[in-house]
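First comes the structure, then the notes that go with it.
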Amino acid sequence: MPKSLLLGIAAENSTSYFCPSAINYKSLNYMRNLLLFVLLVSCSFFSKASGESDCMITGNIVDINNQPLIYTTVVLNDVTSNNLNGSITDENGFFCFSDLQPGRYVLHVTHVGFSDYISEPFDLKAGGQFKLENIRLMPQNEQLSEIIVTGKANVSEVKPTYIKYKTEALISQSGGSAGDILKNMPSVAMGGSPGHNRDIRFRGLGNAYTKVLINGRETGLEGNNRETVLDQIPASSIAYIEIHSVPGVEYQSEGINGIVNIVLKDDKNFGTTGSTGVMKGNSDGLSGGIALSHKTEKLNLFGGYDFQQRNLPKTKEKIKTTINNGTATEIEMSTEVEEKWFNNQTIRAGFDYNLLPKTRIGAEYIYGAQLEDKTKTNDIAKYTADSRFKSATQEIKPEYKPNNYHQLITGFNHVFEKNQKLNAGFGYLTSKQEKLEKTTVYNVDNKGKWLSFQPKLEKKNEDVSKDEYSWDASISDVKLLSHTIKAGYSGKSESSSFVLINDKFNYKDTSWTSSESGKDNFSVKEVTQALFLSDEYKFSFLRVTAGVRYEFTQLTSFSGSEGNDDSGNYGLFLPNLAITANIDKTQYITLNGGRRIRRPGFKDLNPYEEVVSASQVKKGNPDLVPEKAWAFELGYLKNFEKFNVGANLFYRDISDVIQKTLSENNEGIITEQPQNTGHAWLAGAELMTSVNVFKFWEINASYSVFGSEITSGDYQGDALNDQYKWSAKAINDFKLPFQTHLQFSVNAVGPKISGTKVENTIWFADLGIEKELVKNGFFIFRMSDVFGSLTKEKTEYTDKSATTEIETTPGQIFMAGLKYRF
């Protein structure tokens, strides 16, 4: 075939598959500009309609643990005229008084179960404002068990089975993603290519063992193991991230190692407020966003837009040695160069409205999009054991992934006279994840020259779609003597489908032939309903919470044109017990236990064989059953004057372990497939501390060690897949002169060692600088992988080969920009 015809075919293929990316980029940019215009005009209107803030006297009410006290009665007394004004706090514990005359006032605060608070008289000047922050109410029957001992630092907050990191304080991750925040948290490692923090690996295990929620709900894009794709969420949209290592029964059961909850920003102030920022850097880095809200005593309107884009080049070098009877017979060497560009965009809009003084409704819409455009060029050469050339190929693979999701969340909240809380909600989530891929494979000689102008041409169109409905209702804070009762019901219906179409080019008639087998089309519907009941009992220094959750799951799967369908159901009782003893107001010891599960990922159940490369395929297993685990944890925390120290010991007893198995056929094709392999345990220890070294220097540090073993089945004696040995982290926080904040973080994750894979220790350091230029206006700078040390090296073994792989990405990625709060 003439080369001109070949190029014409390639051009036609490229146009049909990859030109839409430019259109989609333009559409998203248009949407971004339109949203920014709408947000600015809307908040400008609200600001003009009501002034920057109608509030003249504001404040917030908290309990002994600095938690907001909602719907608290607040009465303002004008000392001169003796006129009274009444109000109640909102869902964040804030209150607002407007339309006041200048004069002297006294504030009187009452809340059921707490002692009254009466302020000292204070003066309100004409045209002025007065703020009373963090008014703390004390319980009427104070006992040591009422206190939640908390280890606090600039960056972090630690409580029993709970860790929280604040995004605003992690300036070394400014302009990054949710994954960049998480990588600094204790016992956390991140999955993905070096520098691409895609998903979480917590406490030594892979991404399937930790459930990620956003604002307490499932949302966003998911990977093969139900893991949330974290690089889709810009850090600029996040208020904080919290990890619950042994969640209570009110949380869904999934997540053997716990739950990560990403909480998006929510401005608590009255009036029209907001923030905006933008950062630019090397590797085509660009990020930023805008958030606006308008809040009155009855209505809160909010919206925001965040974006992030970056180029992530990567080089992967691989050497595979084929072995027969202990002797090397062939060596395959390859070098893959990947150019990857991605663009993330998130849009939020919603409202909260007080129907009655203690009744609130709300709704929120979230749209997220991730465009990933990459090209892989892989040069592969095969040699005999004595280094004689056998054959070589060059594989060029452009890949385009336009992924997006839409989510609608609604909620209803009511507080009764004795502060019992009724909550109900409904949510809908739909997502679409596509992969458009073209593969061109040339046979080449030992000098890399093409041997033919008729390469192998193949196109692949993969489509994964999901629709999810969720609902819940609960009542909490029901007081019975010394007991506090919480009960509820929740449900989720999730339908997922997978469609794959392969097109192969036929040179004889210059046409494309499509193949679509039954296994290429696979769908799953999963419906889970749950009831839970918990009881919290406090006595003296002891706080005990016991609960049980029952979940019933119905699962139906269907495999394409083959007409194979399957269905089943199972029910699980999931008890939970948490005991915390406050030794005094500065230290606690806690013991927690509960049952958790890990459901198989959607692709784990898919029988379709996915061709990863010329020598590797992945295959699902529709016969998988969920893993079940008992989770146990013992923790201790002590606060000193200038530092705190905490330690946790944890253990997981896991049955029906899902393990990725590797096998290799006589043609050298390695197949990876998940199997239920028996019983296993995971154990580990964490040590955490924050130290005020000097007034200007604070250190947050952690060190964790992990171990695991499969105790039955074919892999007895081996470690669990993706189990790394240890992690160590240190965040150095410096408050320097001239309103300058400097942060330097160091992160290391120990090796992964199992019978089939060994992966090296990795380490890296990040730098952040924040300088206040004007009031509420800041210059920010960030550099990731300061020393360019981030490299991943791993070796995999089968009974027929050993493969060593090294991945490298450029280090010293920086971004600089401005942010402003108003």
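Just remember, in the structure tokens the first chain shown is A, the second B, etc., residues are 1-based per chain, and ligands are 1-based in the order shown.
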Counting only C-alpha atoms, give me one row per residue of stretch 617-650 of chain A with an atom at most 6 Å from an atom of stretch 675-698 of chain A, showing the shortest contact pair and its distance in Å to one decimal, sorted by chain then residue number, as JSON lines.
```
{"residue": "A:Lys642", "atom": "CA", "partner": "A:Asn692", "partner_atom": "CA", "distance": 5.3}
{"residue": "A:Phe643", "atom": "CA", "partner": "A:Val691", "partner_atom": "CA", "distance": 4.3}
{"residue": "A:Asn644", "atom": "CA", "partner": "A:Thr689", "partner_atom": "CA", "distance": 5.5}
{"residue": "A:Val645", "atom": "CA", "partner": "A:Thr689", "partner_atom": "CA", "distance": 4.4}
{"residue": "A:Gly646", "atom": "CA", "partner": "A:Met688", "partner_atom": "CA", "distance": 5.1}
{"residue": "A:Ala647", "atom": "CA", "partner": "A:Leu687", "partner_atom": "CA", "distance": 4.6}
{"residue": "A:Asn648", "atom": "CA", "partner": "A:Glu686", "partner_atom": "CA", "distance": 5.1}
{"residue": "A:Leu649", "atom": "CA", "partner": "A:Ala685", "partner_atom": "CA", "distance": 4.5}
{"residue": "A:Phe650", "atom": "CA", "partner": "A:Gly684", "partner_atom": "CA", "distance": 5.5}
```
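Look at A:Leu230: the protein and nucleic acid residues within 7 Å of it, using only C-alpha atoms and passing over chain neighbours fewer than 5 places away, are Ala178, Gly179, Arg198 and Asp199 of chain A.
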Generate the output file for the selected residues, all heavy atoms, as a CSV table (one decimal), in the first residue's frame.
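Listing of part26.csv after writing:
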```csv
chain,number,residue,atom,x,y,z
A,178,ALA,N,-6.8,16.8,45.6
A,178,ALA,CA,-7.1,16.1,46.9
A,178,ALA,C,-6.0,15.1,47.2
A,178,ALA,O,-5.7,14.9,48.4
A,178,ALA,CB,-8.5,15.4,46.8
A,179,GLY,N,-5.5,14.5,46.2
A,179,GLY,CA,-4.4,13.5,46.4
A,179,GLY,C,-3.2,14.1,47.0
A,179,GLY,O,-2.5,13.5,47.8
A,198,ARG,N,-3.2,9.7,42.3
A,198,ARG,CA,-4.5,9.4,41.8
A,198,ARG,C,-5.5,8.8,42.9
A,198,ARG,O,-6.7,9.2,42.9
A,198,ARG,CB,-4.4,8.3,40.7
A,198,ARG,CG,-5.7,7.9,40.0
A,198,ARG,CD,-5.4,6.8,39.0
A,198,ARG,NE,-6.7,6.4,38.4
A,198,ARG,CZ,-7.5,5.5,39.0
A,198,ARG,NH1,-7.2,4.9,40.1
A,198,ARG,NH2,-8.6,5.1,38.4
A,199,ASP,N,-5.0,7.9,43.7
A,199,ASP,CA,-5.9,7.2,44.7
A,199,ASP,C,-5.2,6.9,45.9
A,199,ASP,O,-3.9,6.9,46.0
A,199,ASP,CB,-6.6,6.0,44.1
A,199,ASP,CG,-5.5,5.0,43.5
A,199,ASP,OD1,-4.7,4.5,44.3
A,199,ASP,OD2,-5.5,4.9,42.3
```
- Which is closer to A:Ile290 than all the others in A:Ile780, A:Phe130, A:Asp766, A:Arg821, using only C-alpha atoms? A:Arg821
Skip A:Ala487 itself and residues of its chain fewer than 3 positions away, then list as a compact mmCIF listing (two decimals) with N, CA, C and O atoms, in the first residue's frame all residues within 9 Å of it, counting only C-alpha atoms.
```txt
# COMPACT_ATOMS: atom_id res chain seq x y z
N GLU A 250 -23.39 4.52 61.73
CA GLU A 250 -24.12 5.43 60.85
C GLU A 250 -23.47 5.55 59.48
O GLU A 250 -24.10 6.01 58.53
N ALA A 473 -32.52 8.51 56.12
CA ALA A 473 -33.30 9.21 57.14
C ALA A 473 -32.78 8.75 58.49
O ALA A 473 -32.51 7.57 58.68
N SER A 474 -32.63 9.70 59.42
CA SER A 474 -32.11 9.33 60.74
C SER A 474 -32.63 10.30 61.79
O SER A 474 -33.00 11.43 61.49
N ILE A 475 -32.63 9.82 63.02
CA ILE A 475 -32.93 10.67 64.17
C ILE A 475 -31.80 10.48 65.17
O ILE A 475 -31.35 9.36 65.41
N SER A 476 -31.32 11.56 65.74
CA SER A 476 -30.15 11.50 66.63
C SER A 476 -30.36 12.39 67.84
O SER A 476 -31.32 13.17 67.91
N LEU A 531 -30.18 -0.64 57.98
CA LEU A 531 -30.75 -0.09 59.20
C LEU A 531 -29.64 -0.03 60.24
O LEU A 531 -28.78 -0.92 60.29
N PHE A 532 -29.63 1.04 61.06
CA PHE A 532 -28.61 1.10 62.11
C PHE A 532 -29.21 1.68 63.39
O PHE A 532 -30.18 2.43 63.37
N LEU A 533 -28.59 1.29 64.51
CA LEU A 533 -28.98 1.77 65.83
C LEU A 533 -27.74 1.86 66.68
O LEU A 533 -26.93 0.93 66.72
N SER A 534 -27.54 2.99 67.35
CA SER A 534 -26.39 3.15 68.24
C SER A 534 -26.80 3.82 69.53
O SER A 534 -27.79 4.57 69.59
N ASP A 535 -26.03 3.55 70.57
CA ASP A 535 -26.30 4.08 71.92
C ASP A 535 -24.98 4.57 72.51
O ASP A 535 -24.03 3.80 72.62
```
- Message: Report as a PyMOL selection string all protein, DNA and RNA residues lying within 10 Å of A:Tyr469, evaluated on only C-alpha atoms, omitting residues in the same chain fewer than 5 positions from it.
- Response: chain A and resi 407-408+426-430+491-495+527
Any chance you could export the current selection's C-alpha atoms as a compact mmCIF listing (two decimals), in the first residue's frame?
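Dumped to part-v6.txt:
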```txt
# COMPACT_ATOMS: atom_id res chain seq x y z
CA GLN A 407 -24.69 15.01 41.16
CA LEU A 408 -27.76 16.42 42.87
CA PHE A 426 -31.89 12.09 48.67
CA GLY A 427 -29.16 12.05 46.06
CA TYR A 428 -28.67 11.24 42.40
CA LEU A 429 -25.32 10.70 40.70
CA THR A 430 -24.61 9.93 37.07
CA GLY A 491 -30.30 2.84 50.80
CA LYS A 492 -28.42 2.95 47.53
CA SER A 493 -29.23 1.66 44.05
CA GLU A 494 -26.26 1.64 41.67
CA SER A 495 -26.36 0.55 38.01
CA VAL A 527 -29.06 -2.39 45.60
```
Could you give me the residues within stretch 192-254 of chain A that DSSP places in helix (DSSP H, G or I), as a short mmCIF file (atom, residue, chain, number, x, y, z; two decimals) with N, CA, C and O atoms, in the first residue's frame?
```
data_model
loop_
_atom_site.label_atom_id
_atom_site.label_comp_id
_atom_site.auth_asym_id
_atom_site.auth_seq_id
_atom_site.Cartn_x
_atom_site.Cartn_y
_atom_site.Cartn_z
N ASN A 207 -5.88 0.52 47.13
CA ASN A 207 -6.95 1.51 47.08
C ASN A 207 -8.33 0.94 47.34
O ASN A 207 -9.27 1.67 47.65
N ALA A 208 -8.51 -0.38 47.23
CA ALA A 208 -9.83 -0.97 47.43
C ALA A 208 -10.23 -1.05 48.90
O ALA A 208 -11.40 -1.33 49.20
N TYR A 209 -9.32 -0.80 49.82
CA TYR A 209 -9.59 -1.03 51.24
C TYR A 209 -10.00 0.24 52.00
O TYR A 209 -10.25 0.18 53.20
N LEU A 230 -8.92 10.68 42.91
CA LEU A 230 -8.71 11.87 43.73
C LEU A 230 -8.11 13.05 42.96
O LEU A 230 -8.27 14.19 43.38
N ASP A 231 -7.40 12.78 41.86
CA ASP A 231 -6.79 13.90 41.15
C ASP A 231 -7.82 14.72 40.39
O ASP A 231 -7.49 15.74 39.79
N GLN A 232 -9.11 14.30 40.42
CA GLN A 232 -10.16 15.08 39.78
C GLN A 232 -10.59 16.27 40.63
O GLN A 232 -11.27 17.17 40.15
N ALA A 235 -7.51 21.06 44.99
CA ALA A 235 -7.35 21.37 46.41
C ALA A 235 -8.02 22.70 46.78
O ALA A 235 -8.46 22.88 47.92
N SER A 236 -8.13 23.61 45.82
CA SER A 236 -8.71 24.92 46.11
C SER A 236 -10.18 24.83 46.50
O SER A 236 -10.73 25.78 47.07
N SER A 237 -10.85 23.71 46.19
CA SER A 237 -12.27 23.56 46.54
C SER A 237 -12.48 22.89 47.89
O SER A 237 -13.62 22.75 48.34
#
```
- Item | Residues of stretch 310-532 of chain A in strand (DSSP E), written as a count of residues only | 186
- Query: Can you tell me, as a ChimeraX atom specification, what residues are no more than 6 Å from A:Val260 when counting only C-alpha atoms, ignoring any on the same chain fewer than 5 positions away?
  - Reply: /A:212,242-243
- Message: Residues near A:Ser754, anyone? I mean within 6 Å using only C-alpha atoms, not counting same-chain ones fewer than 2 positions away, as a PyMOL selection string.
- Response: chain A and resi 718-719+756-757
- Message: as a ChimeraX atom specification, please: the residues near A:Ile61 (cut-off 10 Å, only C-alpha atoms, same-chain neighbours under 5 positions excluded).
- Response: /A:66-74,89-90,92-95,109,111,132-137
Using only C-alpha atoms, which residues of stretch 197-287 of chain A come within 12 Å of stretch 573-583 of chain A, and what is the closest atom pair for each, with the distance in Å to one decimal? Give it as a tab-separated table, sorted by chain and residue number.
```
residue	atom	partner	partner_atom	distance
A:Ser245	CA	A:Ala578	CA	11.8
A:Val246	CA	A:Asn576	CA	8.6
A:Pro247	CA	A:Asn576	CA	8.4
A:Gly248	CA	A:Asn576	CA	6.5
A:Val249	CA	A:Asn576	CA	6.4
A:Glu250	CA	A:Asn576	CA	10.1
A:Tyr251	CA	A:Leu574	CA	10.9
A:Gln252	CA	A:Leu574	CA	10.0
A:Ser253	CA	A:Leu574	CA	7.5
A:Glu254	CA	A:Leu574	CA	10.7
A:Ile256	CA	A:Leu574	CA	11.9
```
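Distance-wise, atom CA of A:Asn606 and atom CA of A:Glu434 end up 16.4 Å apart.
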Per-residue nearest contacts of stretch 398-490 of chain A to stretch 496-509 of chain A (7 Å; only C-alpha atoms) as CSV:
```
residue,atom,partner,partner_atom,distance
A:Leu457,CA,A:Phe505,CA,5.5
A:Glu458,CA,A:Lys504,CA,4.5
A:Lys459,CA,A:Asp503,CA,4.9
A:Lys460,CA,A:Asn502,CA,4.7
A:Asn461,CA,A:Ile501,CA,5.2
A:Glu462,CA,A:Leu500,CA,4.5
A:Asp463,CA,A:Val499,CA,5.2
A:Val464,CA,A:Phe498,CA,4.7
A:Ser465,CA,A:Ser497,CA,5.4
A:Lys466,CA,A:Ser496,CA,4.4
A:Asp467,CA,A:Ser496,CA,6.6
```
